[in-house]
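Inspection log for the structure reproduced underneath, given as structure tokens.
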Amino acid sequence: MIDDGRTLFRRIRASGWAARLVIECEINGKLFLVWGQQYLLKSLRPGGVVMDSLSRHKVKGVTDAIESIKVQLLCLPPYSSGFIPIALPSSKLKQLIQSAENRVVDKLLGACGKILGRFSESSFRSDFKHASYVAFKANHAMAICA
């Protein structure tokens with residue numbers, strides 16, 4: 001969530017953010033599936049997808065869509081957030097968005113874009129290593145979350 005009623009969909013790879021989209025409502029499984037089909041699948045490269053156990057990630061069709069393009073899917077068990085590479089940058093992102101000076105909608109969305117640009121490739125690589133993903137190429141190891 002960016003704020004009440006707005007959701008920032010995103011995924012990461014070792015080189016940075018990808019498949020970003022802001023929508024004017026709260027996320028649910030149906031919207032996650034649509035984002036996955038229209039944004040996520042187009043941005044995937046050889047490697048794998050690490051997905052946590054949120055109910056919206058388990059909507060019928062999500063797993064099939066990812067596996068249909070021959071990308072390995074790793075679904076983590078509940079309470080395994082230490083193995084989700086997107087957890088740390090998402091936490092940092094949320095903190096930076098919440099501390100943005102101007103909370104007016106259009107200015108907040110602009111700030112969000114600038115904030116996303118403040119993350120470096122080396123910080124993403126560190127986040128993957130912290131989550132125990134040590135063997136990857138820059139654009140191959142991937143994680144998703146919304």
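Chain labels follow the order of the structure tokens: the first chain is A, the next B, and so on; residue numbering restarts at 1 in every chain, and ligands are counted from 1 in their shown order.
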
Item checked: Which of segment 10-105 of chain A DSSP labels strand (DSSP E), written as a VMD selection string -> chain A and resid 10 to 13 16 to 23 48 to 51 72 to 75

Check: Can you list, as a list in words, every protein, DNA or RNA residue that comes within 9 Å of Gly36 of chain A when you count only C-alpha atoms, leaving out same-chain residues fewer than 6 positions away?
Finding: Ala19, Lys42, Val62, Ala65 and Ile66 of chain A

Write the selection just made, keeping C-alpha atoms, as a PDB file, in the first residue's frame?
```
ATOM      1  CA  ALA A  19       6.921  -4.496 -13.260  1.00  0.00           C
ATOM      2  CA  LYS A  42       6.381  -9.750 -19.658  1.00  0.00           C
ATOM      3  CA  VAL A  62      -1.153 -17.342 -10.959  1.00  0.00           C
ATOM      4  CA  ALA A  65       0.712 -18.435 -15.715  1.00  0.00           C
ATOM      5  CA  ILE A  66       4.238 -18.315 -14.258  1.00  0.00           C
TER       6      ILE A  66
END
```

Long-range neighbours of segment 53-61 of chain A as an mmCIF file with C-alpha atoms, in the first residue's frame, 10 Å cut-off, only C-alpha atoms, 2 positions minimum in chain:
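Just written: part_36.cif:
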```
data_model
loop_
_atom_site.group_PDB
_atom_site.id
_atom_site.type_symbol
_atom_site.label_atom_id
_atom_site.label_comp_id
_atom_site.auth_asym_id
_atom_site.auth_seq_id
_atom_site.Cartn_x
_atom_site.Cartn_y
_atom_site.Cartn_z
ATOM 1 C CA ILE A 27 -5.078 -5.354 -3.794
ATOM 2 C CA ASN A 28 -6.901 -8.655 -3.996
ATOM 3 C CA GLY A 29 -6.244 -11.956 -5.734
ATOM 4 C CA LYS A 30 -8.061 -11.040 -8.938
ATOM 5 C CA LEU A 31 -6.035 -7.842 -9.363
ATOM 6 C CA PHE A 32 -2.827 -9.708 -8.557
ATOM 7 C CA LEU A 33 -3.599 -12.198 -11.324
ATOM 8 C CA VAL A 34 -4.270 -9.395 -13.841
ATOM 9 C CA GLY A 36 0.812 -10.928 -13.171
ATOM 10 C CA GLN A 37 -0.545 -11.582 -16.649
ATOM 11 C CA MET A 51 6.612 -16.177 -3.917
ATOM 12 C CA THR A 63 1.000 -20.452 -10.638
ATOM 13 C CA ASP A 64 -0.094 -21.765 -14.045
ATOM 14 C CA ALA A 65 0.712 -18.435 -15.715
ATOM 15 C CA ILE A 66 4.238 -18.315 -14.258
ATOM 16 C CA GLU A 67 4.994 -21.954 -15.004
ATOM 17 C CA CYS A 75 6.431 -21.061 -3.150
ATOM 18 C CA LEU A 76 7.600 -20.449 0.385
ATOM 19 C CA PRO A 77 5.766 -21.777 3.430
ATOM 20 C CA PRO A 78 4.013 -19.411 5.867
ATOM 21 C CA TYR A 79 6.199 -17.440 8.278
ATOM 22 C CA SER A 80 9.308 -17.639 6.122
ATOM 23 C CA SER A 81 9.752 -13.922 5.449
ATOM 24 C CA ILE A 144 7.599 -10.951 -6.480
ATOM 25 C CA CYS A 145 5.322 -9.296 -4.045
ATOM 26 C CA ALA A 146 2.495 -6.817 -4.194
#
```

Checklist line | Distance criterion (only C-alpha atoms): nearest to Glu24 of chain A out of A:Val50, A:Ala100, A:Leu109, A:Leu93 | finding: A:Leu109

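Across the structure, atom CA of Arg13 of chain A and atom CA of Cys25 of chain A are spaced 25.3 Å apart.
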
Next item on the list: Determine which residues of chain A receive a DSSP assignment of helix (DSSP H, G or I), computed from the backbone, and state them as a PyMOL selection string.
Entry: chain A and resi 29-43+55-58+62-68+81-83+87-98+105-116+121-130

Next item on the list: Using only C-alpha atoms, determine which residues lie at most 7 Å from segment 119-130 of chain A, disregarding the query and same-chain residues fewer than 3 positions distant; provide the list as a PyMOL selection string.
Entry: chain A and resi 14-16+85+88+116+133-134

Please produce an output containing C-alpha atoms for each residue in the selection, written as a PDB file, in the first residue's frame.
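The new file again.pdb reads:
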```pdb
ATOM      1  CA  ALA A  14      18.990  -8.653  -8.402  1.00  0.00           C
ATOM      2  CA  SER A  15      19.413  -5.550 -10.570  1.00  0.00           C
ATOM      3  CA  GLY A  16      16.427  -3.603  -9.245  1.00  0.00           C
ATOM      4  CA  PRO A  85      14.307 -11.139  -1.049  1.00  0.00           C
ATOM      5  CA  LEU A  88      13.818  -5.793   3.080  1.00  0.00           C
ATOM      6  CA  LEU A 116      12.131   3.850  -6.100  1.00  0.00           C
ATOM      7  CA  TYR A 133      20.010 -16.621  -2.549  1.00  0.00           C
ATOM      8  CA  VAL A 134      23.718 -16.680  -3.328  1.00  0.00           C
TER       9      VAL A 134
END
```
